[in-house]
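Q: Enclosed is the structure file model04.cif (mmCIF, C-alpha atoms).
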data_run
#
loop_
_atom_site.label_atom_id
_atom_site.label_comp_id
_atom_site.auth_asym_id
_atom_site.auth_seq_id
_atom_site.Cartn_x
_atom_site.Cartn_y
_atom_site.Cartn_z
CA MET K 761 94.59 126.54 104.13
CA LEU K 762 96.83 123.87 102.58
CA PRO K 763 100.10 125.43 103.81
CA TYR K 764 98.82 125.38 107.40
CA ILE K 765 97.76 121.72 107.10
CA HIS K 766 101.16 120.89 105.63
CA ILE K 767 102.98 122.69 108.46
CA GLY K 768 100.79 120.95 111.05
CA ILE K 769 101.53 117.50 109.65
CA HIS K 770 105.26 118.17 109.57
CA PHE K 771 105.10 119.45 113.15
CA VAL K 772 103.57 116.14 114.28
CA LEU K 773 106.15 114.13 112.32
CA ASN K 774 109.04 116.14 113.72
CA LEU K 775 107.64 115.98 117.24
CA PHE K 776 107.01 112.24 117.34
CA GLY K 777 108.52 110.69 114.22
CA ARG K 778 108.89 106.93 114.44
CA ALA K 779 108.51 106.85 118.23
CA ILE K 780 107.26 108.91 121.16
CA PRO K 781 109.85 109.20 123.95
CA ILE K 782 108.43 108.19 127.33
CA GLY K 783 111.20 108.39 129.91
CA PRO K 784 113.84 105.78 129.04
CA TRP K 785 111.53 104.07 126.53
CA ASP K 786 110.37 104.85 123.02
CA LEU K 787 106.78 104.09 122.10
CA PRO K 788 106.60 103.23 118.35
CA THR K 789 103.99 105.40 116.65
CA PHE K 790 103.04 102.54 114.31
CA GLY K 791 102.13 100.31 117.24
CA LEU K 792 100.34 103.16 119.01
CA MET K 793 98.16 103.94 115.98
CA LEU K 794 97.48 100.25 115.47
CA TRP K 795 96.12 100.16 119.01
CA VAL K 796 94.04 103.31 118.38
CA ALA K 797 92.72 101.79 115.14
CA THR K 798 91.72 98.62 117.02
CA VAL K 799 89.86 100.63 119.66
CA CYS K 800 88.07 102.74 117.03
CA GLY K 801 87.14 99.62 115.07
CA ALA K 802 85.84 97.96 118.24
CA VAL K 803 83.70 101.00 119.08
CA VAL K 804 82.14 101.08 115.60
CA MET K 805 81.62 97.30 115.72
CA HIS K 806 79.94 97.64 119.12
CA TRP K 807 77.60 100.29 117.71
CA SER K 808 76.82 98.00 114.76
CA PHE K 809 75.95 95.18 117.16
CA LEU K 810 73.75 97.46 119.26
CA ARG K 811 71.91 98.75 116.20
CA ALA K 812 71.36 95.22 114.90
CA ARG K 813 70.55 93.88 118.41
CA VAL K 814 73.32 91.31 118.22
CA GLN K 815 74.73 89.90 121.45
CA ALA K 816 78.46 89.42 120.83
CA ASP K 817 81.83 90.63 122.11
CA ALA K 818 82.80 93.37 119.67
CA LEU K 819 86.19 94.07 121.27
CA GLY K 820 87.22 90.42 121.25
CA ILE K 821 86.11 89.93 117.65
CA VAL K 822 87.96 93.03 116.44
CA ALA K 823 91.10 92.22 118.42
CA LEU K 824 91.39 88.69 117.01
CA SER K 825 90.58 89.93 113.51
CA VAL K 826 93.33 92.57 113.74
CA VAL K 827 95.88 89.96 114.82
CA SER K 828 94.81 87.63 112.03
CA GLY K 829 94.92 90.53 109.57
CA LEU K 830 98.45 91.48 110.62
CA VAL K 831 99.65 87.91 110.20
CA GLY K 832 98.02 87.70 106.79
CA ALA K 833 99.43 91.08 105.74
CA LYS K 834 102.95 90.14 106.78
CA LEU K 835 102.86 86.71 105.13
CA TRP K 836 101.49 88.16 101.90
CA HIS K 837 104.23 90.81 101.90
CA VAL K 838 106.93 88.17 102.36
CA LEU K 839 105.47 86.07 99.53
CA ASP K 840 105.20 89.15 97.35
CA SER K 841 108.78 90.30 98.13
CA PRO K 842 110.97 87.17 98.08
CA GLN K 843 114.11 89.23 97.54
CA GLU K 844 113.59 91.01 100.84
CA PHE K 845 113.28 87.68 102.61
CA HIS K 846 116.41 86.48 100.82
CA ASP K 847 118.36 89.59 101.93
CA PHE K 848 117.21 89.82 105.55
CA GLY K 849 115.97 86.34 106.43
CA TRP K 850 113.36 85.62 109.08
CA GLN K 851 113.73 89.03 110.69
CA VAL K 852 111.40 90.49 108.03
CA LEU K 853 108.56 88.69 109.81
CA TRP K 854 109.10 90.80 112.93
CA SER K 855 109.81 94.18 111.36
CA THR K 856 107.32 97.03 111.77
CA GLY K 857 107.33 97.66 108.03
CA GLY K 858 106.08 95.57 105.15
CA PHE K 859 102.38 94.78 105.46
CA ALA K 860 100.34 93.95 102.36
CA TRP K 861 96.78 95.28 102.26
CA PHE K 862 95.30 92.25 100.48
CA GLY K 863 96.85 89.75 102.89
CA GLY K 864 95.44 91.73 105.80
CA LEU K 865 92.01 91.73 104.18
CA VAL K 866 92.03 87.96 103.68
CA GLY K 867 93.33 87.27 107.19
CA GLY K 868 90.76 89.57 108.78
CA ILE K 869 87.87 88.08 106.79
CA LEU K 870 88.83 84.52 107.76
CA ALA K 871 88.92 85.50 111.44
CA LEU K 872 85.54 87.22 111.17
CA LEU K 873 83.95 84.20 109.49
CA VAL K 874 85.14 81.86 112.24
CA GLN K 875 84.06 84.17 115.06
CA GLY K 876 80.75 84.96 113.39
CA ARG K 877 79.96 81.26 113.25
CA MET K 878 80.83 80.94 116.95
CA ALA K 879 78.46 83.84 117.71
CA GLY K 880 75.64 82.21 115.74
CA LEU K 881 75.83 84.62 112.78
CA SER K 882 76.11 83.74 109.12
CA GLY K 883 79.33 84.60 107.34
CA LEU K 884 77.85 87.42 105.26
CA ARG K 885 75.96 88.81 108.26
CA ILE K 886 79.08 89.23 110.39
CA LEU K 887 80.93 90.72 107.42
CA ASP K 888 78.12 93.23 106.85
CA LEU K 889 78.25 94.30 110.49
CA ALA K 890 82.06 94.54 110.47
CA SER K 891 82.46 96.48 107.21
CA PRO K 892 82.12 100.04 108.61
CA ALA K 893 84.49 99.15 111.46
CA ALA K 894 87.01 97.68 109.02
CA ALA K 895 86.99 100.84 106.90
CA ILE K 896 87.44 103.14 109.91
CA GLY K 897 90.11 100.97 111.52
CA TYR K 898 92.08 100.77 108.28
CA ALA K 899 91.90 104.53 107.89
CA ILE K 900 93.17 105.23 111.42
CA GLY K 901 95.92 102.64 111.05
CA ARG K 902 97.28 104.52 108.05
CA ILE K 903 98.27 107.35 110.39
CA GLY K 904 100.81 104.96 111.90
CA CYS K 905 102.24 104.30 108.43
CA LEU K 906 102.58 108.05 107.95
CA THR K 907 104.30 108.82 111.24
CA SER K 908 106.68 105.85 111.04
CA GLY K 909 107.60 106.44 107.39
CA ASP K 910 107.44 102.71 106.73
CA GLY K 911 107.61 103.03 102.95
CA ASP K 912 103.90 103.22 102.15
CA TYR K 913 104.34 106.68 100.67
CA GLY K 914 104.10 107.49 96.98
CA ILE K 915 106.24 108.64 94.09
CA PRO K 916 108.07 112.00 94.08
CA SER K 917 105.82 115.03 93.82
CA ASN K 918 106.03 118.82 93.82
CA LEU K 919 102.48 119.33 95.09
CA PRO K 920 102.09 121.74 98.04
CA TRP K 921 101.26 118.89 100.43
CA ALA K 922 104.07 116.56 99.28
CA MET K 923 106.27 115.36 102.15
CA GLY K 924 109.64 113.84 102.86
CA PHE K 925 110.45 111.01 105.27
CA PRO K 926 114.24 111.27 105.74
CA ASP K 927 114.06 109.68 109.22
CA GLY K 928 111.48 107.02 108.43
CA ILE K 929 111.83 103.28 108.71
CA ASP K 930 112.21 103.31 104.93
CA PRO K 931 113.60 106.84 104.44
CA THR K 932 113.21 109.00 101.38
CA PRO K 933 116.38 110.49 99.85
CA PRO K 934 117.42 113.88 101.30
CA GLY K 935 115.42 116.71 99.79
CA VAL K 936 112.96 114.42 97.99
CA ARG K 937 109.25 115.00 98.62
CA VAL K 938 106.64 112.39 97.78
CA HIS K 939 102.89 111.84 97.73
CA PRO K 940 101.71 111.20 101.32
CA THR K 941 99.54 108.31 100.19
CA PRO K 942 98.67 107.22 103.78
CA ILE K 943 96.78 110.52 104.10
CA TYR K 944 94.89 109.80 100.88
CA GLU K 945 93.95 106.37 102.20
CA LEU K 946 92.99 107.86 105.57
CA ILE K 947 90.51 110.19 103.86
CA ALA K 948 89.18 107.45 101.58
CA GLY K 949 88.76 105.01 104.48
CA LEU K 950 86.84 107.51 106.60
CA LEU K 951 84.52 108.36 103.71
CA ILE K 952 83.90 104.68 102.96
CA GLY K 953 83.24 103.97 106.64
CA TRP K 954 80.78 106.88 106.85
CA TRP K 955 78.97 105.71 103.71
CA LEU K 956 78.69 102.11 104.91
CA TRP K 957 77.46 103.19 108.33
CA ARG K 958 74.68 105.25 106.78
CA ARG K 959 73.78 102.42 104.40
CA GLY K 960 73.51 100.00 107.30
CA ALA K 961 71.00 102.18 109.13
CA LYS K 962 68.17 100.54 107.18
CA PRO K 963 67.52 96.82 106.65
CA ARG K 964 69.33 95.61 103.56
CA PRO K 965 69.83 92.21 101.92
CA THR K 966 72.56 90.19 103.60
CA GLY K 967 75.85 90.66 101.81
CA GLU K 968 75.11 94.04 100.28
CA ILE K 969 77.13 96.11 102.78
CA VAL K 970 80.25 93.93 102.62
CA GLY K 971 79.88 93.91 98.84
CA GLU K 972 79.96 97.70 98.83
CA TYR K 973 82.96 97.65 101.16
CA LEU K 974 84.93 95.36 98.87
CA LEU K 975 83.92 97.42 95.84
CA LEU K 976 84.75 100.85 97.29
CA SER K 977 87.92 99.86 99.12
CA GLY K 978 89.13 98.01 96.03
CA ILE K 979 88.56 101.08 93.84
CA ALA K 980 90.29 103.34 96.35
CA ARG K 981 93.35 101.11 96.59
CA PHE K 982 93.47 100.60 92.81
CA LEU K 983 93.54 104.36 92.21
CA VAL K 984 96.08 105.25 94.89
CA GLU K 985 98.47 102.62 93.55
CA PHE K 986 99.03 104.75 90.44
CA ILE K 987 101.00 107.18 92.62
CA ARG K 988 102.53 104.58 94.93
CA ARG K 989 106.08 103.39 94.37
CA ASN K 990 105.18 99.70 94.24
CA PRO K 991 106.67 97.89 91.23
CA LYS K 992 104.42 97.07 88.29
CA ILE K 993 104.26 93.39 87.42
CA ILE K 994 101.75 92.95 84.58
CA PHE K 995 99.88 95.33 82.25
CA TRP K 996 101.51 98.26 84.08
CA LEU K 997 99.64 97.24 87.23
CA SER K 998 101.08 96.45 90.65
CA ASN K 999 100.32 93.34 92.66
CA ALA K 1000 98.07 95.41 94.92
CA GLN K 1001 96.11 96.66 91.91
CA LEU K 1002 95.52 93.12 90.69
CA ALA K 1003 94.30 92.20 94.16
CA SER K 1004 92.11 95.31 94.14
CA LEU K 1005 90.48 94.19 90.90
CA GLY K 1006 89.68 90.90 92.62
CA SER K 1007 88.14 92.81 95.52
CA VAL K 1008 86.04 94.91 93.14
CA ALA K 1009 84.85 91.80 91.28
CA ALA K 1010 83.93 90.02 94.52
CA GLY K 1011 82.10 93.12 95.73
CA LEU K 1012 80.06 93.39 92.54
CA VAL K 1013 79.11 89.71 92.70
CA LEU K 1014 77.95 90.04 96.32
CA ILE K 1015 75.93 93.18 95.54
CA LEU K 1016 74.21 91.53 92.56
CA ILE K 1017 73.41 88.42 94.61
CA ALA K 1018 72.05 90.56 97.44
CA LEU K 1019 69.87 92.61 95.09
CA LYS K 1020 68.55 89.44 93.49
CA ARG K 1021 67.64 88.06 96.91
CA SER K 1022 65.77 91.25 97.76
CA LYS K 1023 63.38 90.76 94.82
CA PRO K 1024 60.30 88.64 95.62
CA ALA K 1025 60.00 85.34 93.81
CA PRO K 1026 57.54 85.27 90.88
CA GLU K 1027 55.34 82.78 92.74
CA ASP K 1028 55.09 85.04 95.82
CA PRO K 1029 51.32 85.10 96.67
CA ALA K 1030 51.46 88.77 97.65
CA GLU K 1031 53.00 89.74 94.33
CA MET K 1032 50.50 87.60 92.42
CA ALA K 1033 47.63 89.30 94.25
CA LYS K 1034 49.03 92.73 93.32
CA ALA K 1035 49.36 91.70 89.68
CA ALA K 1036 45.76 90.51 89.65
#
As structure tokens, what does this structure read like?

A:
Amino acid sequence: MLPYIHIGIHFVLNLFGRAIPIGPWDLPTFGLMLWVATVCGAVVMHWSFLRARVQADALGIVALSVVSGLVGAKLWHVLDSPQEFHDFGWQVLWSTGGFAWFGGLVGGILALLVQGRMAGLSGLRILDLASPAAAIGYAIGRIGCLTSGDGDYGIPSNLPWAMGFPDGIDPTPPGVRVHPTPIYELIAGLLIGWWLWRRGAKPRPTGEIVGEYLLLSGIARFLVEFIRRNPKIIFWLSNAQLASLGSVAAGLVLILIALKRSKPAPEDPAEMAKAA
């Protein structure tokens, strides 16, 4: 089975690569998959709103959050890679490569908080509703990283599904095959999105779903970084791993707070009656 999957992926990469030719124009696959990810996220967000009986513009909220996330991801990457900015100047802000996951997360959350307030929702409530959509959108967006070869791949590998990106935006050396980490993150994101969607089917304390999202996505990113080629900065951990630990910690705090809220207060008359 694996050889056929490997051949199929390479067929897609060879057919489209960094861009899809449409007459005299080339449609960048990264931009195309970003658009697909936005649409998928908007659909899941719309379903979340319908299930929760919330009257709000899912497409508009997702679109603005994606833009804010991209800005945050690019700015974080520039701050995290000052040498790249020194070498290439302001053009790094407009390149299709170089987006930091943590910056995108922060930018997207800030946009959601603002829009949630405008829609009459609390910050944690809008984040709960958006968490499954965020996981699915992130997963789909990783396909664009794969097809464009923007450097998000991993370290060299001899595994049957290892791949090379000789024609990517950030090409691998000729003959070198690496871990296709965008595929790993695609699978992880879809599983996290599925889990969060199922968890949100029943009423839960506000903040629990987004807490689980931060916890699970942080763990997934922390683990995949061990086979990514990002430089290690402290304690053999990359910058993304340190950010992931922060995400995990924030997720645990939100889950604990949510679980505490779900417990009735000791002076609750109903609970006192039961005890009697």

Q: Which is closer to Trp954 in chain K than all the others in K:Leu824, K:Ala899, K:Ala980, K:Met878, using only C-alpha atoms?

A: K:Ala899

Q: Between K:Ile915, K:Ala948, K:Ile994, K:Ile1015, which has the minimum distance to Thr932 in chain K (counting all atoms listed in the file)?

A: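 Among the listed residues, K:Ile915 lies closest to Thr932 in chain K.
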
Q: The PyMOL selection byres ((chain K and resi 827) around 12) - which residues does that actually catch in the file I just gave you? List them as number ranges by chain.

A: K: 794-795, 798, 820-826, 828-834, 863-872

Q: List as a list in words the protein and nucleic acid residues near Gly883 in chain K, meaning an atom at most 8 Å away when only C-alpha atoms are counted, but skip any in the same chain fewer than 3 places from it.

A: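 The residues satisfying every condition are Leu872, Leu873, Gly876, Arg877, Ile886 and Leu887 of chain K.
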
Q: Determine the nearest neighbour of Trp957 in chain K from the options K:Glu945, K:Asp888, K:Asp927, K:Asp817, counting only C-alpha atoms.

A: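 Answer, going by the shortest atom-to-atom distance: K:Asp888.
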
Q: Considering only C-alpha atoms, state which residue in the set K:Leu1005, K:Leu956, K:Val804, K:Gly909 is at the smallest distance from Val938 in chain K.

A: K:Gly909

Q: Looking at K:Leu1016, K:Ser917, K:Leu810, K:Asp912, which one is nearest to Arg988 in chain K, with distances taken over only C-alpha atoms?

A: K:Asp912
